[in-house]
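Q: Would you mind keeping the following structure in view while I ask a few things?
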Amino acid sequence: MCRHLAYLGPPVSLRSLLFDPPYGLLRQSWAPRDMRGGGTINADGFGVGWYPGDGDPVRYRRAQPMWSDTTLPELAGVTVAGAVLAAVRSATVGMPLHETAAAPFAEGRWLFSHNGVVRGWPDSLVPLAAGLPVRDLLTLEVPSDSALLWALVRHRLRAGAAPGDALDGTVAAVAAAAPGSRLNLLLTDGITVAATVAGHALSARHTAGSVLLASEPFDDDPGWRALPDGRLVVATATGLDTRKLTVA
């Protein structure tokens, strides 16, 4: 399993999201509070994506544990953004331990992360992979379940699906092909963030001008609320809506 978060709102430093909170992603990399049987630590890489102004997102990814990176704290202290997606990784046994396997995955304005596991990988997803353009399969960043999930989501986005519908449709297809999978997905274009709660935890904190979605609350603010399993979340900095996933 992994831990991930997304933020939309007034510009804040990356440090205020990753390092300063008492249970931030840095702490979750070595002392997560809710892994639900999916490992004990998140030491197999990390990634941060943020939006500099109106441009496409910038990513910083490494295959090492977040706590061992000496550059990120300085970078996070001087980098400010109003839209961020970040994750720490606990690789499923057999998955590659490469920088390219760490979320967020990206294309154009989109950033994507997966917290969970696909059961029966890779055989269970062969039929779904066969429906993708061959070029998409040949250019996967890494042969992992998360990278293929991103290819499936991206294929729906390219076809014109809204972010929430792209996630919902992907979760429904994968859940049918690989029952028992954990499919907490997170997707943003810097303006909207969509997420699924499918087999793992997700919490939200929404204020008048910002929204945070995270695998687990990074502080003790009473504004956090746990979202029930089987939900699709679509949010902007000014609003948050949930509905049942198709598979719920």
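The way I read the labels, and the way they are meant: chains A, B, ... in the order of the structure tokens, residue 1 as the first residue of every chain, and ligand 1 as the first ligand shown, with later ones counted on from there.
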Neighbours of region 220-226 of chain A within 8 Å (only C-alpha atoms; same-chain residues fewer than 3 positions away dropped), as an NGL selection string?
A: :A and (201-206 or 217)
Q: Could you find all residues in region 37-98 of chain A that DSSP calls strand (DSSP E) from the backbone, and write them as a PyMOL selection string?
A: chain A and resi 46-50+58-62+80-89
Q: Grab the residues selected above and save them as a short mmCIF file (atom, residue, chain, number, x, y, z; two decimals), in the first residue's frame with all heavy atoms.
A:
```cif
data_model
loop_
_atom_site.label_atom_id
_atom_site.label_comp_id
_atom_site.auth_asym_id
_atom_site.auth_seq_id
_atom_site.Cartn_x
_atom_site.Cartn_y
_atom_site.Cartn_z
N PHE A 46 8.94 7.93 -3.26
CA PHE A 46 7.96 8.97 -3.01
C PHE A 46 7.93 9.89 -4.22
O PHE A 46 8.81 9.85 -5.10
CB PHE A 46 8.30 9.77 -1.76
CG PHE A 46 9.55 10.61 -1.89
CD1 PHE A 46 9.50 11.91 -2.36
CD2 PHE A 46 10.79 10.07 -1.56
CE1 PHE A 46 10.65 12.67 -2.50
CE2 PHE A 46 11.95 10.82 -1.71
CZ PHE A 46 11.88 12.13 -2.18
N GLY A 47 6.91 10.72 -4.25
CA GLY A 47 6.83 11.72 -5.31
C GLY A 47 5.95 12.88 -4.90
O GLY A 47 5.03 12.72 -4.11
N VAL A 48 6.26 14.04 -5.45
CA VAL A 48 5.47 15.26 -5.22
C VAL A 48 5.27 15.93 -6.57
O VAL A 48 6.21 16.08 -7.35
CB VAL A 48 6.18 16.24 -4.27
CG1 VAL A 48 5.25 17.39 -3.92
CG2 VAL A 48 6.70 15.54 -3.03
N GLY A 49 4.03 16.32 -6.85
CA GLY A 49 3.74 17.10 -8.04
C GLY A 49 3.02 18.37 -7.65
O GLY A 49 2.15 18.36 -6.79
N TRP A 50 3.38 19.48 -8.27
CA TRP A 50 2.73 20.76 -7.96
C TRP A 50 2.64 21.60 -9.23
O TRP A 50 3.31 21.35 -10.23
CB TRP A 50 3.49 21.50 -6.87
CG TRP A 50 4.87 21.96 -7.24
CD1 TRP A 50 5.25 23.19 -7.73
CD2 TRP A 50 6.10 21.19 -7.15
NE1 TRP A 50 6.60 23.24 -7.95
CE2 TRP A 50 7.15 22.03 -7.60
CE3 TRP A 50 6.40 19.89 -6.73
CZ2 TRP A 50 8.47 21.59 -7.65
CZ3 TRP A 50 7.72 19.46 -6.79
CH2 TRP A 50 8.74 20.31 -7.24
N VAL A 58 4.92 20.20 -12.17
CA VAL A 58 6.31 19.79 -12.01
C VAL A 58 6.33 18.63 -11.03
O VAL A 58 5.59 18.63 -10.05
CB VAL A 58 7.16 20.96 -11.46
CG1 VAL A 58 8.58 20.49 -11.16
CG2 VAL A 58 7.17 22.12 -12.45
N ARG A 59 7.17 17.64 -11.31
CA ARG A 59 7.27 16.49 -10.41
C ARG A 59 8.68 16.33 -9.85
O ARG A 59 9.67 16.64 -10.52
CB ARG A 59 6.90 15.20 -11.13
CG ARG A 59 5.45 15.03 -11.46
CD ARG A 59 5.19 13.67 -12.11
NE ARG A 59 5.91 13.53 -13.38
CZ ARG A 59 6.04 12.38 -14.03
NH1 ARG A 59 5.52 11.26 -13.52
NH2 ARG A 59 6.68 12.32 -15.19
N TYR A 60 8.74 15.84 -8.61
CA TYR A 60 10.00 15.45 -7.98
C TYR A 60 9.77 14.06 -7.42
O TYR A 60 8.96 13.88 -6.51
CB TYR A 60 10.36 16.43 -6.86
CG TYR A 60 11.69 16.15 -6.18
CD1 TYR A 60 12.87 16.68 -6.66
CD2 TYR A 60 11.73 15.36 -5.03
CE1 TYR A 60 14.09 16.43 -6.04
CE2 TYR A 60 12.95 15.12 -4.40
CZ TYR A 60 14.12 15.64 -4.90
OH TYR A 60 15.31 15.39 -4.27
N ARG A 61 10.45 13.04 -7.99
CA ARG A 61 10.24 11.66 -7.59
C ARG A 61 11.58 10.99 -7.30
O ARG A 61 12.57 11.27 -7.97
CB ARG A 61 9.50 10.86 -8.67
CG ARG A 61 8.11 11.36 -8.98
CD ARG A 61 7.37 10.42 -9.93
NE ARG A 61 8.00 10.36 -11.24
CZ ARG A 61 7.65 9.49 -12.19
NH1 ARG A 61 6.69 8.59 -11.94
NH2 ARG A 61 8.25 9.50 -13.37
N ARG A 62 11.57 10.11 -6.34
CA ARG A 62 12.76 9.35 -6.01
C ARG A 62 12.36 7.92 -5.62
O ARG A 62 11.24 7.68 -5.14
CB ARG A 62 13.53 10.00 -4.85
CG ARG A 62 14.14 11.35 -5.18
CD ARG A 62 15.27 11.21 -6.19
NE ARG A 62 15.92 12.49 -6.48
CZ ARG A 62 15.59 13.28 -7.49
NH1 ARG A 62 14.57 12.95 -8.28
NH2 ARG A 62 16.24 14.41 -7.71
N VAL A 80 6.15 27.04 -3.37
CA VAL A 80 4.78 27.39 -2.97
C VAL A 80 3.84 27.07 -4.13
O VAL A 80 4.15 27.37 -5.29
CB VAL A 80 4.69 28.88 -2.59
CG1 VAL A 80 3.25 29.29 -2.32
CG2 VAL A 80 5.57 29.17 -1.38
N ALA A 81 2.71 26.47 -3.82
CA ALA A 81 1.75 26.11 -4.87
C ALA A 81 0.35 26.05 -4.29
O ALA A 81 0.16 25.80 -3.10
CB ALA A 81 2.12 24.77 -5.51
N GLY A 82 -0.63 26.26 -5.15
CA GLY A 82 -2.03 26.17 -4.75
C GLY A 82 -2.68 24.86 -5.13
O GLY A 82 -3.88 24.66 -4.87
N ALA A 83 -1.91 23.95 -5.73
CA ALA A 83 -2.41 22.62 -6.08
C ALA A 83 -1.25 21.64 -5.99
O ALA A 83 -0.20 21.86 -6.61
CB ALA A 83 -3.01 22.61 -7.48
N VAL A 84 -1.42 20.58 -5.21
CA VAL A 84 -0.34 19.63 -4.93
C VAL A 84 -0.91 18.22 -4.87
O VAL A 84 -2.01 18.01 -4.34
CB VAL A 84 0.36 19.95 -3.59
CG1 VAL A 84 1.46 18.93 -3.29
CG2 VAL A 84 0.92 21.37 -3.59
N LEU A 85 -0.18 17.25 -5.41
CA LEU A 85 -0.46 15.83 -5.20
C LEU A 85 0.85 15.17 -4.81
O LEU A 85 1.86 15.36 -5.50
CB LEU A 85 -1.05 15.18 -6.45
CG LEU A 85 -1.64 13.77 -6.28
CD1 LEU A 85 -2.71 13.50 -7.34
CD2 LEU A 85 -0.58 12.67 -6.35
N ALA A 86 0.84 14.41 -3.72
CA ALA A 86 2.06 13.79 -3.23
C ALA A 86 1.75 12.39 -2.71
O ALA A 86 0.62 12.09 -2.31
CB ALA A 86 2.69 14.64 -2.13
N ALA A 87 2.78 11.53 -2.70
CA ALA A 87 2.58 10.15 -2.26
C ALA A 87 3.89 9.57 -1.75
O ALA A 87 4.98 9.95 -2.19
CB ALA A 87 2.06 9.29 -3.41
N VAL A 88 3.77 8.65 -0.80
CA VAL A 88 4.89 7.81 -0.39
C VAL A 88 4.49 6.37 -0.71
O VAL A 88 3.32 6.00 -0.63
CB VAL A 88 5.24 7.96 1.11
CG1 VAL A 88 5.86 9.32 1.36
CG2 VAL A 88 4.02 7.76 2.00
N ARG A 89 5.48 5.54 -1.06
CA ARG A 89 5.18 4.23 -1.66
C ARG A 89 5.62 3.07 -0.79
O ARG A 89 6.73 3.07 -0.25
CB ARG A 89 5.86 4.12 -3.03
CG ARG A 89 5.55 2.82 -3.78
CD ARG A 89 6.14 2.85 -5.18
NE ARG A 89 5.75 1.66 -5.92
CZ ARG A 89 6.60 0.79 -6.47
NH1 ARG A 89 7.91 1.00 -6.36
NH2 ARG A 89 6.16 -0.28 -7.11
#
```
Q: Write out as a ChimeraX atom specification the residues lying within 7 Å of region 65-67 of chain A, counting only C-alpha atoms and excluding same-chain residues fewer than 3 positions away.
A: /A:26,29,43-46
Q: Next, the residues of the selection above should be written as a PDB file, in the first residue's frame with all heavy atoms.
A:
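Done, and the output landed in part-v6.pdb:
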```pdb
ATOM      1  N   LEU A  26       5.941  12.745   5.592  1.00  0.00           N
ATOM      2  CA  LEU A  26       7.254  12.329   6.086  1.00  0.00           C
ATOM      3  C   LEU A  26       7.088  11.295   7.185  1.00  0.00           C
ATOM      4  O   LEU A  26       7.698  10.215   7.138  1.00  0.00           O
ATOM      5  CB  LEU A  26       8.040  13.530   6.606  1.00  0.00           C
ATOM      6  CG  LEU A  26       9.381  13.165   7.264  1.00  0.00           C
ATOM      7  CD1 LEU A  26      10.323  12.529   6.259  1.00  0.00           C
ATOM      8  CD2 LEU A  26      10.015  14.389   7.910  1.00  0.00           C
ATOM      9  N   SER A  29       5.789   7.963   6.048  1.00  0.00           N
ATOM     10  CA  SER A  29       6.736   7.107   5.340  1.00  0.00           C
ATOM     11  C   SER A  29       7.373   6.083   6.267  1.00  0.00           C
ATOM     12  O   SER A  29       7.727   4.981   5.826  1.00  0.00           O
ATOM     13  CB  SER A  29       7.820   7.957   4.659  1.00  0.00           C
ATOM     14  OG  SER A  29       8.657   8.602   5.612  1.00  0.00           O
ATOM     15  N   ALA A  43       8.580   2.917   2.389  1.00  0.00           N
ATOM     16  CA  ALA A  43       9.994   3.238   2.188  1.00  0.00           C
ATOM     17  C   ALA A  43      10.475   2.985   0.769  1.00  0.00           C
ATOM     18  O   ALA A  43      11.672   3.040   0.505  1.00  0.00           O
ATOM     19  CB  ALA A  43      10.845   2.418   3.159  1.00  0.00           C
ATOM     20  N   ASP A  44       9.554   2.726  -0.160  1.00  0.00           N
ATOM     21  CA  ASP A  44       9.956   2.307  -1.510  1.00  0.00           C
ATOM     22  C   ASP A  44       9.840   3.427  -2.537  1.00  0.00           C
ATOM     23  O   ASP A  44       9.596   3.182  -3.718  1.00  0.00           O
ATOM     24  CB  ASP A  44       9.109   1.109  -1.948  1.00  0.00           C
ATOM     25  CG  ASP A  44       9.297  -0.082  -1.027  1.00  0.00           C
ATOM     26  OD1 ASP A  44      10.447  -0.341  -0.638  1.00  0.00           O
ATOM     27  OD2 ASP A  44       8.303  -0.740  -0.694  1.00  0.00           O
ATOM     28  N   GLY A  45      10.024   4.641  -2.085  1.00  0.00           N
ATOM     29  CA  GLY A  45       9.989   5.774  -2.987  1.00  0.00           C
ATOM     30  C   GLY A  45       8.910   6.772  -2.606  1.00  0.00           C
ATOM     31  O   GLY A  45       8.068   6.513  -1.738  1.00  0.00           O
ATOM     32  N   PHE A  46       8.938   7.926  -3.261  1.00  0.00           N
ATOM     33  CA  PHE A  46       7.956   8.967  -3.013  1.00  0.00           C
ATOM     34  C   PHE A  46       7.929   9.891  -4.217  1.00  0.00           C
ATOM     35  O   PHE A  46       8.808   9.851  -5.097  1.00  0.00           O
ATOM     36  CB  PHE A  46       8.295   9.774  -1.757  1.00  0.00           C
ATOM     37  CG  PHE A  46       9.548  10.607  -1.891  1.00  0.00           C
ATOM     38  CD1 PHE A  46       9.496  11.913  -2.359  1.00  0.00           C
ATOM     39  CD2 PHE A  46      10.793  10.071  -1.564  1.00  0.00           C
ATOM     40  CE1 PHE A  46      10.649  12.673  -2.500  1.00  0.00           C
ATOM     41  CE2 PHE A  46      11.947  10.823  -1.706  1.00  0.00           C
ATOM     42  CZ  PHE A  46      11.877  12.127  -2.176  1.00  0.00           C
TER      43      PHE A  46
END
```
Q: Just checking: using only C-alpha atoms, which residue out of A:Val126, A:Leu140, A:Ala106, A:Leu97 ends up closest to Leu187 (chain A)?
A: A:Ala106
Q: Counting only C-alpha atoms, which residue out of A:Val171, A:Val134, A:Leu18, A:Ala6 sits closest to Val197 (chain A)?
A: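 Of all the options, A:Val171 lies closest to Val197 (chain A).
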Q: Determine which residues of region 89-180 of chain A DSSP labels as helix (DSSP H, G or I) from the backbone of this structure, then write them out as a PyMOL selection string.
A: chain A and resi 99-101+123-129+134-138+145-158+163-177
Q: Can you list, as a ChimeraX atom specification, every protein, DNA or RNA residue that comes within 9 Å of Ala208 (chain A) when you count only C-alpha atoms, leaving out same-chain residues fewer than 6 positions away?
A: /A:237-239
Q: Expressed in Å to a single decimal, how great is the separation between CA of Ala176 (chain A) and CA of Asn42 (chain A)?
A: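 These two atoms are separated by 27.9 Å.
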Q: Which distance in Å separates CA of Ile191 (chain A) and CA of Thr139 (chain A), to one decimal?
A: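 These two atoms are separated by 27.0 Å.
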Q: Can you measure CA of Ala235 (chain A) to CA of Pro104 (chain A) for me? One decimal in Å is fine.
A: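 Between these atoms lies a distance of 18.3 Å.
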Q: Between A:Ala177, A:Ala194, A:Ile41, A:Ala102, which residue has the minimum interatomic distance to Ser146 (chain A), considering only C-alpha atoms?
A: A:Ala102
Q: Need to verify the contact set: Leu185 (chain A), 6 Å, only C-alpha atoms, exclusion of same-chain residues closer than 3 positions in sequence. Can you return it as a PyMOL selection string?
A: chain A and resi 113-114+195-196
